[in-house]
Amino acid sequence: MEVGRSTRVLVTGASRGIGEVVAGAFARRGCTLGLVARSEDRLREVGAELPGDGHVTLPADVRDRGSIAAAVESFGAIDVAVANAGRADYAPVREMDLDTVEEMTRLNWLGTVYTVKAVLPGMLERRRGHLVLVSSVAALRSFPSGAVYGATKAAQRAFGEALWHELGGTGVSLTLVYPGEVRSSIHEGKDDLPEWRQPSEDAEPEPLAEQIVEAVQADASAVYYPKAVRAVRVAHGISPRLTDRILRRMRGRSAAPRG
């Protein structure tokens with residue numbers, strides 16, 4: 001898909017982190033942004049900093065199907081939708097708080113479904129559009145304390161892979177994005193995490209955002225970032241044990257102890 005001044009892009013989770021940076025990458029190419037998040041004040045700040053004009057702040061909660069549907073209707077015709085809103089919390093299964101489990105399921109998994117269901121009918125009717133689902137390396141192979149997060153991201157992956165096949169011949173494309181531990185505000189207040197859960201030095205969000213825009217332009221089916229994430233995907237198809245070794249290397253020796 002050509003991306004430019006006539007392109008209208010909806011981004012969920014646009015108030016911070018990857019979503020904010022992705023919005024900036026599309027705006028620099030002249031696109032009009034529809035910015036979705038729960039914090040209206042923060043959305044206005046993000047919108048004011050974007051190049052260009054005509055950007056729309058759409059305070060909405062992707063966990064509420066009516067809320068995201070209303071935001072989509074308010075923004076109008078959408079060429080690109082980036083389902084990015086999400087939350088990362090880590091805990092061993094024996095220590096998991098069930099309220100947190102339900103919250104992450106609603107936000108990471110159902111929020112993606114609700115967003116897609118809101119934007120897809122219009123895209124299919126126009127026979128034009130591109131969906132971007134921001135998943136995670138955890139969808140490819142999970143890790144200690146990542147049971148819930150990995151499960152929600154694996155659900156995104158399965159949903160996206162099935163939908164990719166269903167969209168054949170419709171004029172609508174789909175890209176699944178698999179970031180590793182990208183440096184962003186999702187890690188704020190989590191300085192006490194073990195080293196293996198901290199983002200690596202080569203995982204800044206700006207190159208990821210550029211790769212996402214390029215994937216939309218090329219109708220690419222997937223983005224793996226940083227490069228080590230692609231190695232995880234390839235290795236998992238060969239040997240899950242090899243995948244675990246790569247994850248340990250990515251995250252440090254404490255990533256996946258097996259006794």
# chains A, B, ... in the order shown; residues from 1 in each chain; ligands from 1
$ select_by_dssp --residues "segment 3-92 of chain A" --states "strand (DSSP E)" --output "PDB file with N, CA and C atoms, in the first residue's frame"
ATOM      1  N   ARG A   8      -5.064   7.509   5.896  1.00  0.00           N
ATOM      2  CA  ARG A   8      -5.611   7.717   7.234  1.00  0.00           C
ATOM      3  C   ARG A   8      -5.268   6.503   8.097  1.00  0.00           C
ATOM      4  N   VAL A   9      -4.571   6.768   9.201  1.00  0.00           N
ATOM      5  CA  VAL A   9      -4.003   5.697  10.022  1.00  0.00           C
ATOM      6  C   VAL A   9      -4.546   5.780  11.441  1.00  0.00           C
ATOM      7  N   LEU A  10      -5.121   4.691  11.924  1.00  0.00           N
ATOM      8  CA  LEU A  10      -5.583   4.585  13.305  1.00  0.00           C
ATOM      9  C   LEU A  10      -4.542   3.809  14.107  1.00  0.00           C
ATOM     10  N   VAL A  11      -4.135   4.347  15.256  1.00  0.00           N
ATOM     11  CA  VAL A  11      -3.161   3.674  16.118  1.00  0.00           C
ATOM     12  C   VAL A  11      -3.732   3.574  17.521  1.00  0.00           C
ATOM     13  N   THR A  12      -3.873   2.362  18.046  1.00  0.00           N
ATOM     14  CA  THR A  12      -4.301   2.207  19.440  1.00  0.00           C
ATOM     15  C   THR A  12      -3.066   2.157  20.342  1.00  0.00           C
ATOM     16  N   THR A  32      -2.605  11.174   7.965  1.00  0.00           N
ATOM     17  CA  THR A  32      -3.478  11.723   9.003  1.00  0.00           C
ATOM     18  C   THR A  32      -3.707  10.646  10.050  1.00  0.00           C
ATOM     19  N   LEU A  33      -3.458  10.986  11.311  1.00  0.00           N
ATOM     20  CA  LEU A  33      -3.502  10.005  12.387  1.00  0.00           C
ATOM     21  C   LEU A  33      -4.771  10.110  13.216  1.00  0.00           C
ATOM     22  N   GLY A  34      -5.333   8.954  13.555  1.00  0.00           N
ATOM     23  CA  GLY A  34      -6.362   8.845  14.575  1.00  0.00           C
ATOM     24  C   GLY A  34      -5.722   8.186  15.781  1.00  0.00           C
ATOM     25  N   LEU A  35      -5.573   8.929  16.868  1.00  0.00           N
ATOM     26  CA  LEU A  35      -4.817   8.479  18.034  1.00  0.00           C
ATOM     27  C   LEU A  35      -5.765   7.961  19.109  1.00  0.00           C
ATOM     28  N   VAL A  36      -5.629   6.692  19.450  1.00  0.00           N
ATOM     29  CA  VAL A  36      -6.530   6.051  20.413  1.00  0.00           C
ATOM     30  C   VAL A  36      -5.769   5.666  21.679  1.00  0.00           C
ATOM     31  N   ALA A  37      -6.298   6.065  22.813  1.00  0.00           N
ATOM     32  CA  ALA A  37      -5.819   5.642  24.133  1.00  0.00           C
ATOM     33  C   ALA A  37      -6.836   6.122  25.150  1.00  0.00           C
ATOM     34  N   VAL A  56      -6.415  13.457  14.761  1.00  0.00           N
ATOM     35  CA  VAL A  56      -7.602  13.406  15.613  1.00  0.00           C
ATOM     36  C   VAL A  56      -7.296  12.594  16.869  1.00  0.00           C
ATOM     37  N   THR A  57      -7.612  13.154  18.025  1.00  0.00           N
ATOM     38  CA  THR A  57      -7.489  12.405  19.278  1.00  0.00           C
ATOM     39  C   THR A  57      -8.807  11.690  19.551  1.00  0.00           C
ATOM     40  N   LEU A  58      -8.710  10.418  19.861  1.00  0.00           N
ATOM     41  CA  LEU A  58      -9.889   9.572  20.030  1.00  0.00           C
ATOM     42  C   LEU A  58      -9.791   8.830  21.360  1.00  0.00           C
ATOM     43  N   PRO A  59     -10.106   9.504  22.467  1.00  0.00           N
ATOM     44  CA  PRO A  59     -10.049   8.815  23.758  1.00  0.00           C
ATOM     45  C   PRO A  59     -11.026   7.643  23.780  1.00  0.00           C
ATOM     46  N   VAL A  80      -5.138   2.317   7.291  1.00  0.00           N
ATOM     47  CA  VAL A  80      -4.232   1.474   8.074  1.00  0.00           C
ATOM     48  C   VAL A  80      -4.676   1.510   9.531  1.00  0.00           C
ATOM     49  N   ALA A  81      -4.789   0.345  10.154  1.00  0.00           N
ATOM     50  CA  ALA A  81      -5.112   0.267  11.580  1.00  0.00           C
ATOM     51  C   ALA A  81      -4.008  -0.506  12.286  1.00  0.00           C
ATOM     52  N   VAL A  82      -3.405   0.129  13.293  1.00  0.00           N
ATOM     53  CA  VAL A  82      -2.331  -0.494  14.069  1.00  0.00           C
ATOM     54  C   VAL A  82      -2.885  -0.854  15.445  1.00  0.00           C
ATOM     55  N   ALA A  83      -3.134  -2.134  15.669  1.00  0.00           N
ATOM     56  CA  ALA A  83      -3.638  -2.611  16.964  1.00  0.00           C
ATOM     57  C   ALA A  83      -2.439  -2.852  17.871  1.00  0.00           C
TER      58      ALA A  83
END
$ residues_around --residues "Asp89 of chain A" --least-positions-apart "6" --cutoff "9 Å" --atoms "only C-alpha atoms" --output "PyMOL selection string"
chain A and resi 100+104+145-146+148-149
$ closest_residue --among "A:Val101, A:Ala71, A:Leu120, A:Ala218" --to "Ala88 of chain A" --atoms "only C-alpha atoms"
A:Val101
$ closest_residue --among "A:Leu133, A:Ser221, A:Ser173, A:Asp99" --to "Arg157 of chain A" --atoms "only C-alpha atoms"
A:Leu133
$ select_by_dssp --residues "segment 6-211 of chain A" --states "alpha helix (DSSP H)" --output "PyMOL selection string"
chain A and resi 17-27+40-49+65-75+98-104+111-126+147-166+205-211
$ write_last_selection --atoms "C-alpha atoms" --output "PDB file, in the first residue's frame"
ATOM      1  CA  GLY A  17       5.696   3.636  23.835  1.00  0.00           C
ATOM      2  CA  ILE A  18       5.661   1.890  20.479  1.00  0.00           C
ATOM      3  CA  GLY A  19       2.266   3.353  19.564  1.00  0.00           C
ATOM      4  CA  GLU A  20       3.456   6.935  19.990  1.00  0.00           C
ATOM      5  CA  VAL A  21       6.589   6.296  17.932  1.00  0.00           C
ATOM      6  CA  VAL A  22       4.656   4.486  15.178  1.00  0.00           C
ATOM      7  CA  ALA A  23       2.226   7.412  14.968  1.00  0.00           C
ATOM      8  CA  GLY A  24       5.186   9.725  14.458  1.00  0.00           C
ATOM      9  CA  ALA A  25       6.626   7.555  11.689  1.00  0.00           C
ATOM     10  CA  PHE A  26       3.357   7.644   9.728  1.00  0.00           C
ATOM     11  CA  ALA A  27       2.864  11.369  10.383  1.00  0.00           C
ATOM     12  CA  GLU A  40      -7.272  12.279  26.440  1.00  0.00           C
ATOM     13  CA  ASP A  41      -4.780  14.768  27.887  1.00  0.00           C
ATOM     14  CA  ARG A  42      -1.802  12.651  26.881  1.00  0.00           C
ATOM     15  CA  LEU A  43      -3.270  12.056  23.412  1.00  0.00           C
ATOM     16  CA  ARG A  44      -3.542  15.803  22.893  1.00  0.00           C
ATOM     17  CA  GLU A  45       0.121  16.185  23.827  1.00  0.00           C
ATOM     18  CA  VAL A  46       1.119  13.473  21.357  1.00  0.00           C
ATOM     19  CA  GLY A  47      -1.056  14.950  18.610  1.00  0.00           C
ATOM     20  CA  ALA A  48       0.393  18.427  19.132  1.00  0.00           C
ATOM     21  CA  GLU A  49       3.920  17.078  18.662  1.00  0.00           C
ATOM     22  CA  ARG A  65     -16.091  -3.005  22.230  1.00  0.00           C
ATOM     23  CA  GLY A  66     -18.553  -0.112  22.127  1.00  0.00           C
ATOM     24  CA  SER A  67     -15.861   2.417  22.983  1.00  0.00           C
ATOM     25  CA  ILE A  68     -13.459   1.391  20.222  1.00  0.00           C
ATOM     26  CA  ALA A  69     -16.305   1.030  17.712  1.00  0.00           C
ATOM     27  CA  ALA A  70     -17.401   4.604  18.442  1.00  0.00           C
ATOM     28  CA  ALA A  71     -13.831   5.868  18.012  1.00  0.00           C
ATOM     29  CA  VAL A  72     -13.520   4.138  14.648  1.00  0.00           C
ATOM     30  CA  GLU A  73     -16.844   5.547  13.469  1.00  0.00           C
ATOM     31  CA  SER A  74     -15.805   9.030  14.583  1.00  0.00           C
ATOM     32  CA  PHE A  75     -12.523   8.906  12.667  1.00  0.00           C
ATOM     33  CA  LEU A  98      -6.158 -13.445  38.582  1.00  0.00           C
ATOM     34  CA  ASP A  99      -7.410  -9.879  38.250  1.00  0.00           C
ATOM     35  CA  THR A 100      -4.210  -9.093  36.344  1.00  0.00           C
ATOM     36  CA  VAL A 101      -4.723 -12.178  34.180  1.00  0.00           C
ATOM     37  CA  GLU A 102      -8.204 -11.011  33.204  1.00  0.00           C
ATOM     38  CA  GLU A 103      -7.023  -7.430  32.650  1.00  0.00           C
ATOM     39  CA  MET A 104      -4.206  -8.483  30.319  1.00  0.00           C
ATOM     40  CA  GLY A 111      -8.684  -5.388  22.601  1.00  0.00           C
ATOM     41  CA  THR A 112      -7.077  -6.572  19.377  1.00  0.00           C
ATOM     42  CA  VAL A 113     -10.197  -8.492  18.359  1.00  0.00           C
ATOM     43  CA  TYR A 114     -12.484  -5.545  19.107  1.00  0.00           C
ATOM     44  CA  THR A 115     -10.257  -3.176  17.135  1.00  0.00           C
ATOM     45  CA  VAL A 116     -10.130  -5.458  14.109  1.00  0.00           C
ATOM     46  CA  LYS A 117     -13.879  -6.087  14.189  1.00  0.00           C
ATOM     47  CA  ALA A 118     -14.494  -2.335  14.272  1.00  0.00           C
ATOM     48  CA  VAL A 119     -12.266  -1.411  11.319  1.00  0.00           C
ATOM     49  CA  LEU A 120     -12.460  -4.482   9.069  1.00  0.00           C
ATOM     50  CA  PRO A 121     -15.986  -4.077   7.615  1.00  0.00           C
ATOM     51  CA  GLY A 122     -15.141  -0.677   6.135  1.00  0.00           C
ATOM     52  CA  MET A 123     -11.878  -1.951   4.682  1.00  0.00           C
ATOM     53  CA  LEU A 124     -13.596  -4.927   3.085  1.00  0.00           C
ATOM     54  CA  GLU A 125     -16.312  -2.718   1.647  1.00  0.00           C
ATOM     55  CA  ARG A 126     -13.715  -0.396   0.076  1.00  0.00           C
ATOM     56  CA  ALA A 147       2.892 -17.315  31.023  1.00  0.00           C
ATOM     57  CA  VAL A 148       0.020 -14.826  30.878  1.00  0.00           C
ATOM     58  CA  TYR A 149       1.717 -12.253  28.680  1.00  0.00           C
ATOM     59  CA  GLY A 150       2.899 -14.971  26.291  1.00  0.00           C
ATOM     60  CA  ALA A 151      -0.558 -16.531  26.161  1.00  0.00           C
ATOM     61  CA  THR A 152      -2.221 -13.247  25.193  1.00  0.00           C
ATOM     62  CA  LYS A 153       0.398 -12.588  22.534  1.00  0.00           C
ATOM     63  CA  ALA A 154       0.149 -16.126  21.179  1.00  0.00           C
ATOM     64  CA  ALA A 155      -3.599 -15.581  20.876  1.00  0.00           C
ATOM     65  CA  GLN A 156      -2.899 -12.462  18.808  1.00  0.00           C
ATOM     66  CA  ARG A 157      -0.602 -14.474  16.601  1.00  0.00           C
ATOM     67  CA  ALA A 158      -3.114 -17.286  15.993  1.00  0.00           C
ATOM     68  CA  PHE A 159      -5.868 -14.755  15.315  1.00  0.00           C
ATOM     69  CA  GLY A 160      -3.682 -12.820  12.894  1.00  0.00           C
ATOM     70  CA  GLU A 161      -2.425 -15.868  11.034  1.00  0.00           C
ATOM     71  CA  ALA A 162      -5.958 -17.143  10.469  1.00  0.00           C
ATOM     72  CA  LEU A 163      -7.181 -13.717   9.398  1.00  0.00           C
ATOM     73  CA  TRP A 164      -4.250 -13.303   7.005  1.00  0.00           C
ATOM     74  CA  HIS A 165      -5.462 -16.368   5.103  1.00  0.00           C
ATOM     75  CA  GLU A 166      -9.078 -15.197   5.174  1.00  0.00           C
ATOM     76  CA  PRO A 205      11.519   1.810  19.144  1.00  0.00           C
ATOM     77  CA  GLU A 206      12.269   4.189  16.255  1.00  0.00           C
ATOM     78  CA  PRO A 207      13.766   1.582  13.877  1.00  0.00           C
ATOM     79  CA  LEU A 208      10.857  -0.726  14.686  1.00  0.00           C
ATOM     80  CA  ALA A 209       8.379   2.006  13.764  1.00  0.00           C
ATOM     81  CA  GLU A 210      10.147   2.547  10.445  1.00  0.00           C
ATOM     82  CA  GLN A 211      10.036  -1.184   9.738  1.00  0.00           C
TER      83      GLN A 211
END
$ atom_distance --atom1 "atom CA of Ala138 of chain A" --atom2 "atom CA of Glu204 of chain A"
17.9 Å
$ atom_distance --atom1 "atom CA of Glu2 of chain A" --atom2 "atom CA of Leu176 of chain A"
18.4 Å
$ atom_distance --atom1 "atom CA of Arg87 of chain A" --atom2 "atom CA of Thr175 of chain A"
20.0 Å
